[in-house]
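Novice: Just dropping this structure here.
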Amino acid sequence: MKQALLGAVLVMAACNTTITPTAIGEFTSPTGMAATGAGDRDVLFIANTGRDGLRALQICNALPPTDGGVDPCPANENLQFVPAPIRVFPATIETGNRPLRVAGVRLERADHSSAGVGLVVGADSTVAVVDARTLVDAQRVPGVQPQKVAYLDLGGQTIDVVAANPMTAMDIETVTPAGTPGAFVATRTDLVVLDVSLDAAGLAQVPSVRARCTLSPVVPTKLAVVPGGDQVFVADGAGDGVVAIKTSDIAGGPTPAACPIVRIGAGGRSVRFISLSPRWYETVQVAGAPQTMEHPAGELLMMVLEPLNQTTPGMDLDPGGVLFAETGISGGPGRIVPVPPFGLQETGQEPMQPLSLPGAGLIVEGTFLRAVPPSTSPVAPDLVTCPQAPCTPLYVGQPSTAPTQLFNLLAAVTATDGTTTFIDVPRRRFVNRNAYAVADDSLLVPTVDRTPAFSPVTVGSPVLTITSALEPGVAHASSWIAVWHAPIPGLERRSGTVRQDIAGGPLTFTVNETNFQSWQDDPAIRFGVGDVVSFGAYGLAGDNKAGCQAVVNAETPYRFELPITAIGPGPGSTVPNMLTLAVLPDTPQALGFHPDCSVFTAAAEIRTGGAQPWLVLDGFNVKGRVQADGTFVVHQRRFDYPRQAYSPSAPPLQANDVAFTFSITGNAPTAPKSGFTWAIGSGESMVSYRDTTTAVGFATAVYAYSSLRYRTLLFSSITGSNEVLQADPGVLGSTATGVLAYR
């Protein structure tokens, strides 16, 4: 069932393309993923949401025999989908309405061979139960038929399901012991603890409910569980952060009681996704000698925040992003970890800001990678010696002489632009190729990709100078403009009535159903007296005398600007909807504007003027205004902590959000709406992968798989492109096995 399917998959870390034969999965909106055991292999279940079922990818999980013996899991079945009766197509496991989340519970039969149960939740109140072992055996053992999918109805909309599989000494999932919780399900209202088992024939049974508690006021969005199931964490989609629940404290009985929750705050932010760290290792100095420090599984919590609709005026849009927090299982408080350079467990320091992608992608989900333990002898699945942490490899591509770097603990996150990007967790930063290309931070410094240029080009035009260094992790990759007498956003076209109560006196311009207070209160726009109005079209409004006819028929659109001298409520209004405008006298150089007309209508463009005539925009986001010959300080939202080291005396605090400063000097422009354009590069070259053979596809779930045969494989659901990408972090640059695509 192998076919050449994938075109070129770009591995951004390696800057190369690869054409790889892959198995056909026939995906339609793939989402959640999880693996479980099935004899001599594992089965990775992938929720094929658009077709109301699962696909099942077989992965050989044992090392190939080295003595010339027969591999019970043959190569032509490894990384291939379980076939349908017509073997050129993958089997479809029908589970019901829109499967979204999958969990794999690892069990064993009486003969100690592995078996597993896939639990699936989606858009209804049931948990679908899939027997992985019979699904595999049906293609290999005569007379075996796949067990039918069974269902457990929990009486409420299911949100997520997770398995509580314990881990081996090599941090690989193993069999759930009898008598311990096998899985947890979140419904809209409850947390449900399930016992998962096989019958005497080794077939999956419908799970039984061990315990249940009510989550209110928590609105669950995602679950994560410490291996073994002694503690479960619930992301709160409506409250602050995450709640931790000790499963042994959940009361039994026919009526669910309130869950015993302990909250881990996220700075008042709701959370869309969570993941727990595996056991990981770092080298510390004890009495001047290096020693390995082992961190328990579940010590750190990754929280993916919901983006915010509301924004702070003048600041960037809030994209959500990733926070890391201590869970408290090591004895410390459950809290967001501090900014670097302070230790993850150091108290009394400012908490970190969310990590977010500097481009257009918003982070959707994430996972931790298995951390490779230090070893002085080759041990599966690592098969390399690494006497001292860090030992977890990732192909970075820099420096060219040693492109694979080692890390203590890595995470990977998917994004709306189809990328999967790596994070160096203890350093609280994205893995950045520029941090490894040279010994210092010089390549991390953001760049001026397009120097400030004034348009239209004129003799004696003003000059814009960037007057400070650009701050890594704060200065975003973006395009900038600074416009002289710029149209004020939202006030570019406003129609209203112009009156002149006293001949030769000031004009009033009343715009019905408009409240200028919103623009006055905006600290970035700061609309006020001194700004100007330019009329683009005119109409009669009851006064038809010759002076009004001259205005309507003879005036040139946008010929002049009238300064605003007052802002207040018009007749019959309680809100400021009227602008008082000064008339323009004639001069030897130019015709003014002092109409002999008591009332007319006009369509106007309202522009910046007065003491701060320049409007500054980052893309389409108004950042503020600059005086005619002044300096502007650019504040941006921190998205990364990319430097190699930060000083404890000058840490990257939230208040230090200055990306750069610039000044405008020289002559004032003569033409409204003229100005400068320039572009800034972030200095980031993040290690990530995506498929460039398709249009940008929304990426959702990312799953880290490990076995005795595979140290770590990452599977990313590219839901918007109907494919799943498989990546080997240690060999991302390989043209053969770095990244594969299943469609």
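Ordering of the structure tokens sets the chain letters (A, B, ...); residue numbers start at 1 within each chain; ligands are numbered from 1 in the order shown.
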Would you pick out the contacts of Ile274 (chain A) at 9 Å or less, using only C-alpha atoms, so that residues sharing its chain but fewer than 6 positions from it are not included, and give the list as a CSV table (one decimal) with C-alpha atoms, in the first residue's frame?

Specialist:
chain,number,residue,atom,x,y,z
A,221,THR,CA,-11.4,22.5,27.2
A,222,LYS,CA,-8.6,19.9,27.6
A,223,LEU,CA,-7.3,17.3,30.1
A,224,ALA,CA,-3.8,16.2,31.0
A,233,PHE,CA,-5.4,18.7,35.2
A,234,VAL,CA,-8.3,20.5,33.5
A,235,ALA,CA,-7.9,23.5,31.3
A,242,VAL,CA,-6.0,25.3,35.0
A,301,LEU,CA,2.5,22.3,32.7
A,302,MET,CA,2.2,23.8,29.2
A,303,MET,CA,-0.8,26.1,28.9
A,304,VAL,CA,-1.9,27.4,25.5
A,365,GLU,CA,-1.9,22.9,20.6
A,366,GLY,CA,1.4,21.5,21.9
A,367,THR,CA,3.2,18.6,23.4

Novice: Kindly assemble as JSON lines a list of the region 158-253 of chain A residues that lie within 12 Å of region 277-292 of chain A, each paired with its nearest atom pair and their distance in Å to one decimal, using only C-alpha atoms, sorted first by chain and then by ascending residue number.

Specialist:
{"residue": "A:Pro166", "atom": "CA", "partner": "A:Pro278", "partner_atom": "CA", "distance": 11.0}
{"residue": "A:Met167", "atom": "CA", "partner": "A:Pro278", "partner_atom": "CA", "distance": 9.3}
{"residue": "A:Thr168", "atom": "CA", "partner": "A:Arg279", "partner_atom": "CA", "distance": 10.7}
{"residue": "A:Ala169", "atom": "CA", "partner": "A:Arg279", "partner_atom": "CA", "distance": 9.8}
{"residue": "A:Met170", "atom": "CA", "partner": "A:Arg279", "partner_atom": "CA", "distance": 9.6}
{"residue": "A:Asp171", "atom": "CA", "partner": "A:Arg279", "partner_atom": "CA", "distance": 7.1}
{"residue": "A:Ile172", "atom": "CA", "partner": "A:Pro278", "partner_atom": "CA", "distance": 9.8}
{"residue": "A:Glu173", "atom": "CA", "partner": "A:Pro278", "partner_atom": "CA", "distance": 10.8}
{"residue": "A:Ala224", "atom": "CA", "partner": "A:Ser277", "partner_atom": "CA", "distance": 10.0}
{"residue": "A:Val225", "atom": "CA", "partner": "A:Ser277", "partner_atom": "CA", "distance": 10.1}
{"residue": "A:Val226", "atom": "CA", "partner": "A:Pro278", "partner_atom": "CA", "distance": 8.8}
{"residue": "A:Pro227", "atom": "CA", "partner": "A:Pro278", "partner_atom": "CA", "distance": 8.7}

Novice: Hey, what does DSSP flag as strand (DSSP E or B) within region 406-590 of chain A? Can you give it to me as a ChimeraX atom specification?

Specialist: /A:406-407,410-415,420-424,429-430,432,447-455,463-466,478-484,487,494-499,507-510,529,531-540,562-569,576-581,584

Novice: Taking only C-alpha atoms into account, which of A:Ala604, A:Ile680, A:Leu215, A:Val687 comes nearest Phe422 (chain A)?

Specialist: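 Closest to Phe422 (chain A) of all the choices is A:Val687.
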
Novice: CA of Asp160 (chain A) to CA of Tyr703 (chain A): how many Å, to one decimal?

Specialist: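 Result for CA of Asp160 (chain A) versus CA of Tyr703 (chain A): 14.9 Å, one decimal.
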
Novice: Hey, what's within 12 Å of region 342-351 of chain A if we count only C-alpha atoms and toss same-chain stuff fewer than 3 positions away? As a compact mmCIF listing (two decimals) with N, CA and C atoms, in the first residue's frame, please?

Specialist:
# COMPACT_ATOMS: atom_id res chain seq x y z
N GLY A 265 -3.18 29.60 38.34
CA GLY A 265 -3.59 30.75 37.56
C GLY A 265 -2.71 30.97 36.34
N ALA A 266 -3.30 31.64 35.35
CA ALA A 266 -2.58 32.00 34.12
C ALA A 266 -2.67 33.49 33.89
N GLY A 267 -2.59 34.26 34.98
CA GLY A 267 -2.67 35.71 34.84
C GLY A 267 -4.04 36.19 34.43
N VAL A 284 23.42 19.69 37.21
CA VAL A 284 23.60 20.78 38.17
C VAL A 284 24.93 20.59 38.89
N HIS A 295 13.96 15.28 37.12
CA HIS A 295 12.69 15.95 37.40
C HIS A 295 11.55 14.98 37.14
N GLU A 299 5.87 17.60 36.33
CA GLU A 299 6.34 18.73 37.12
C GLU A 299 5.98 20.07 36.47
N LEU A 300 6.00 20.11 35.13
CA LEU A 300 5.72 21.34 34.40
C LEU A 300 4.45 21.18 33.56
N LEU A 301 3.75 22.27 33.44
CA LEU A 301 2.49 22.31 32.70
C LEU A 301 2.61 23.34 31.58
N LEU A 323 2.34 29.52 27.97
CA LEU A 323 2.93 29.73 29.29
C LEU A 323 3.33 28.37 29.86
N PHE A 324 4.41 28.38 30.66
CA PHE A 324 4.81 27.19 31.41
C PHE A 324 4.61 27.47 32.89
N ALA A 325 4.11 26.48 33.60
CA ALA A 325 3.83 26.63 35.03
C ALA A 325 4.31 25.41 35.78
N GLU A 326 4.68 25.61 37.04
CA GLU A 326 4.90 24.49 37.95
C GLU A 326 3.55 23.92 38.37
N THR A 327 3.46 22.62 38.46
CA THR A 327 2.20 22.00 38.89
C THR A 327 2.09 21.85 40.40
N GLY A 328 3.23 21.88 41.09
CA GLY A 328 3.22 21.70 42.53
C GLY A 328 3.44 20.28 42.98
N ILE A 329 3.60 19.31 42.04
CA ILE A 329 3.77 17.93 42.49
C ILE A 329 5.14 17.70 43.11
N SER A 330 6.09 18.63 42.87
CA SER A 330 7.42 18.51 43.49
C SER A 330 7.50 19.25 44.81
N GLY A 331 6.40 19.75 45.28
CA GLY A 331 6.38 20.43 46.57
C GLY A 331 6.33 21.93 46.49
N GLY A 332 6.59 22.51 45.32
CA GLY A 332 6.54 23.94 45.16
C GLY A 332 5.13 24.41 44.88
N PRO A 333 4.95 25.72 44.76
CA PRO A 333 3.62 26.24 44.47
C PRO A 333 3.25 26.03 43.00
N GLY A 334 1.96 25.86 42.73
CA GLY A 334 1.50 25.81 41.36
C GLY A 334 1.41 27.22 40.83
N ARG A 335 2.32 27.59 39.94
CA ARG A 335 2.37 28.98 39.47
C ARG A 335 3.14 29.05 38.16
N ILE A 336 2.95 30.16 37.44
CA ILE A 336 3.69 30.40 36.21
C ILE A 336 5.17 30.55 36.57
N VAL A 337 6.04 29.94 35.75
CA VAL A 337 7.47 30.03 36.02
C VAL A 337 7.95 31.46 35.76
N PRO A 338 9.07 31.86 36.37
CA PRO A 338 9.53 33.25 36.22
C PRO A 338 10.22 33.50 34.89
N VAL A 339 10.51 34.77 34.64
CA VAL A 339 11.28 35.13 33.44
C VAL A 339 12.70 34.60 33.61
N PRO A 354 3.69 35.18 27.74
CA PRO A 354 3.43 34.08 26.80
C PRO A 354 4.38 34.11 25.61
N VAL A 425 12.27 24.41 26.61
CA VAL A 425 11.42 24.72 27.75
C VAL A 425 12.18 25.36 28.91
N PRO A 426 13.28 24.78 29.42
CA PRO A 426 13.93 25.41 30.58
C PRO A 426 14.40 26.83 30.31
N ARG A 427 14.74 27.13 29.05
CA ARG A 427 15.19 28.48 28.71
C ARG A 427 14.02 29.38 28.31
N ARG A 428 12.81 28.81 28.25
CA ARG A 428 11.62 29.58 27.93
C ARG A 428 11.76 30.35 26.62
N ALA A 645 21.74 34.57 27.23
CA ALA A 645 21.75 34.77 28.68
C ALA A 645 21.17 36.14 28.99
N TYR A 646 20.51 36.25 30.13
CA TYR A 646 19.99 37.51 30.64
C TYR A 646 20.63 37.79 31.98
N SER A 647 20.83 39.06 32.27
CA SER A 647 21.44 39.44 33.54
C SER A 647 20.39 39.46 34.65
N PRO A 648 20.68 38.86 35.80
CA PRO A 648 19.72 38.93 36.92
C PRO A 648 19.45 40.36 37.37
N SER A 649 20.38 41.27 37.11
CA SER A 649 20.18 42.66 37.50
C SER A 649 19.35 43.44 36.49
N ALA A 650 19.18 42.88 35.28
CA ALA A 650 18.37 43.53 34.25
C ALA A 650 17.58 42.48 33.49
N PRO A 651 16.67 41.78 34.17
CA PRO A 651 15.91 40.71 33.51
C PRO A 651 14.92 41.30 32.50
N PRO A 652 14.41 40.47 31.60
CA PRO A 652 13.45 40.94 30.58
C PRO A 652 12.04 41.06 31.15
N LEU A 653 11.82 42.10 31.92
CA LEU A 653 10.53 42.28 32.58
C LEU A 653 9.48 42.80 31.60
N GLN A 654 8.22 42.67 32.02
CA GLN A 654 7.12 43.10 31.17
C GLN A 654 7.19 44.59 30.89
N ALA A 655 7.67 45.37 31.85
CA ALA A 655 7.76 46.82 31.66
C ALA A 655 8.81 47.20 30.63

Novice: Could you check which of A:Leu713, A:Val724, A:Ile46, A:Ala435 is closest to Thr737 (chain A), using only C-alpha atoms?

Specialist: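 When distances to Thr737 (chain A) are compared using only C-alpha atoms, the smallest one comes from A:Leu713.
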
Novice: Taking the DSSP secondary structure from the backbone, can you list the residues of region 323-506 of chain A that are helix (DSSP H, G or I), as a PyMOL selection string?

Specialist: chain A and resi 434-437+442-444

Novice: Store the residues picked out above, limited to C-alpha atoms, as a compact mmCIF listing (two decimals), in the first residue's frame.

Specialist:
# COMPACT_ATOMS: atom_id res chain seq x y z
CA ASN A 434 20.36 32.13 14.81
CA ALA A 435 21.22 31.33 18.43
CA TYR A 436 23.53 28.51 17.31
CA ALA A 437 25.07 29.93 14.14
CA SER A 442 24.61 39.11 17.14
CA LEU A 443 22.34 37.18 14.75
CA LEU A 444 19.45 37.36 17.22

Novice: Counting only C-alpha atoms, which of A:Arg188, A:Ser113, A:Ile245, A:Ala371 gets nearest to Gly202 (chain A)?

Specialist: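 So, comparing all the options, the nearest one is A:Ser113.
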
Novice: Which residues are near region 610-613 of chain A? Cut-off 9 Å, only C-alpha atoms, ignore same chain within fewer than 4 positions. Put them as a ChimeraX atom specification.

Specialist: /A:483-486,528-532,563-564,625-628,630

Novice: Could you list, as a PyMOL selection string, every residue within 8 Å of Leu540 (chain A), counting only C-alpha atoms and ignoring same-chain residues fewer than 6 positions away?

Specialist: chain A and resi 548-549+552+599-601

Novice: I'd like the neighbourhood of Thr92 (chain A) as a list in words, where a residue qualifies if any of its atoms comes within 7 Å (using only C-alpha atoms), though same-chain residues fewer than 4 positions away should be ignored.

Specialist: Gly53, Leu54 and Arg55 of chain A

Novice: What does the distance between CA of Val175 (chain A) and CA of Val149 (chain A) come to in Å, to one decimal place?

Specialist: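 Separation between CA of Val175 (chain A) and CA of Val149 (chain A): 21.6 Å.
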
Novice: Please provide the set of residues having any atom within 6 Å of region 28-44 of chain A, restricted to only C-alpha atoms, with same-chain residues fewer than 6 positions apart removed, written as a list in words.

Specialist: Gly50, Ala56, Leu57, Gln58, Ile59, Cys60, Asn61, Leu100, Arg101, Val102, Ala103, Gly104, Val105, Arg106, Ser113, Ser114, Ala115, Gly116, Ala132, Arg133, Ala701, Ser717, Thr719 and Asn722 of chain A

Novice: Can you spit out the residues from that selection as a short mmCIF file (atom, residue, chain, number, x, y, z; two decimals), in the first residue's frame, using N, CA and C atoms?

Specialist:
data_model
loop_
_atom_site.label_atom_id
_atom_site.label_comp_id
_atom_site.auth_asym_id
_atom_site.auth_seq_id
_atom_site.Cartn_x
_atom_site.Cartn_y
_atom_site.Cartn_z
N GLY A 50 -13.76 14.58 9.53
CA GLY A 50 -14.68 14.84 8.43
C GLY A 50 -15.41 13.62 7.92
N ALA A 56 -6.05 4.04 11.34
CA ALA A 56 -5.16 3.34 12.26
C ALA A 56 -3.83 3.10 11.58
N LEU A 57 -2.79 3.77 12.06
CA LEU A 57 -1.44 3.63 11.51
C LEU A 57 -0.65 2.65 12.36
N GLN A 58 -0.10 1.60 11.72
CA GLN A 58 0.69 0.61 12.44
C GLN A 58 2.14 1.08 12.57
N ILE A 59 2.71 0.92 13.76
CA ILE A 59 4.09 1.31 14.00
C ILE A 59 4.78 0.17 14.75
N CYS A 60 5.76 -0.46 14.11
CA CYS A 60 6.52 -1.51 14.81
C CYS A 60 7.21 -0.90 16.02
N ASN A 61 7.09 -1.58 17.16
CA ASN A 61 7.56 -0.95 18.39
C ASN A 61 8.77 -1.61 19.03
N LEU A 100 -13.17 13.80 17.76
CA LEU A 100 -12.23 14.91 17.90
C LEU A 100 -11.02 14.57 18.75
N ARG A 101 -11.22 13.84 19.83
CA ARG A 101 -10.14 13.51 20.75
C ARG A 101 -10.05 12.00 20.91
N VAL A 102 -8.81 11.50 21.02
CA VAL A 102 -8.57 10.06 21.13
C VAL A 102 -7.60 9.82 22.28
N ALA A 103 -7.81 8.73 23.02
CA ALA A 103 -6.87 8.27 24.04
C ALA A 103 -6.60 6.79 23.81
N GLY A 104 -5.36 6.37 24.07
CA GLY A 104 -5.00 4.97 23.92
C GLY A 104 -4.61 4.36 25.25
N VAL A 105 -5.40 3.42 25.75
CA VAL A 105 -5.13 2.76 27.02
C VAL A 105 -4.39 1.46 26.73
N ARG A 106 -3.23 1.29 27.36
CA ARG A 106 -2.40 0.10 27.11
C ARG A 106 -2.72 -0.98 28.15
N SER A 113 0.82 -10.76 26.14
CA SER A 113 1.00 -10.01 24.91
C SER A 113 0.20 -8.70 25.00
N SER A 114 0.65 -7.72 24.29
CA SER A 114 0.05 -6.39 24.45
C SER A 114 -1.26 -6.29 23.68
N ALA A 115 -2.15 -5.54 24.26
CA ALA A 115 -3.42 -5.19 23.63
C ALA A 115 -3.72 -3.75 24.04
N GLY A 116 -4.68 -3.16 23.40
CA GLY A 116 -4.97 -1.78 23.72
C GLY A 116 -6.37 -1.39 23.33
N ALA A 132 -7.91 -2.35 19.58
CA ALA A 132 -6.79 -2.23 18.65
C ALA A 132 -6.24 -3.59 18.23
N ARG A 133 -6.21 -4.55 19.16
CA ARG A 133 -5.57 -5.84 18.87
C ARG A 133 -6.31 -6.60 17.77
N ALA A 701 -3.77 19.11 16.34
CA ALA A 701 -3.11 18.26 17.33
C ALA A 701 -1.67 17.95 16.93
N SER A 717 -1.34 16.94 13.07
CA SER A 717 -2.55 16.95 12.24
C SER A 717 -2.66 18.30 11.54
N THR A 719 -5.05 19.82 9.80
CA THR A 719 -6.48 19.65 9.54
C THR A 719 -6.91 20.40 8.28
N ASN A 722 -5.87 18.38 5.17
CA ASN A 722 -6.25 16.96 5.12
C ASN A 722 -5.04 16.04 5.07
#

Novice: Just the number, please: distance in Å from CA of Ala412 (chain A) to CA of Pro378 (chain A), one decimal.

Specialist: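 Going from CA of Ala412 (chain A) over to CA of Pro378 (chain A) covers 26.1 Å.
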
Novice: In terms of the shortest atom-to-atom distance over only C-alpha atoms, which of A:Leu617, A:Ala204, A:Val144, A:Val88 is closest to Pro487 (chain A)?

Specialist: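 Closest to Pro487 (chain A) of all the choices is A:Leu617.
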
Novice: Identify which of the residues A:Asp153, A:Asp249, A:Glu108, A:Asp728 lies closest to Ala200 (chain A), counting only C-alpha atoms when measuring atom-to-atom distances.

Specialist: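 The closest residue to Ala200 (chain A) is A:Glu108.
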
Novice: Of the residues A:Ala238, A:Val379, A:Ala402, A:Val459, which is the one nearest to Arg272 (chain A), using only C-alpha atoms?

Specialist: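 Of A:Ala238, A:Val379, A:Ala402, A:Val459, the one nearest Arg272 (chain A), counting only C-alpha atoms, is A:Ala238.
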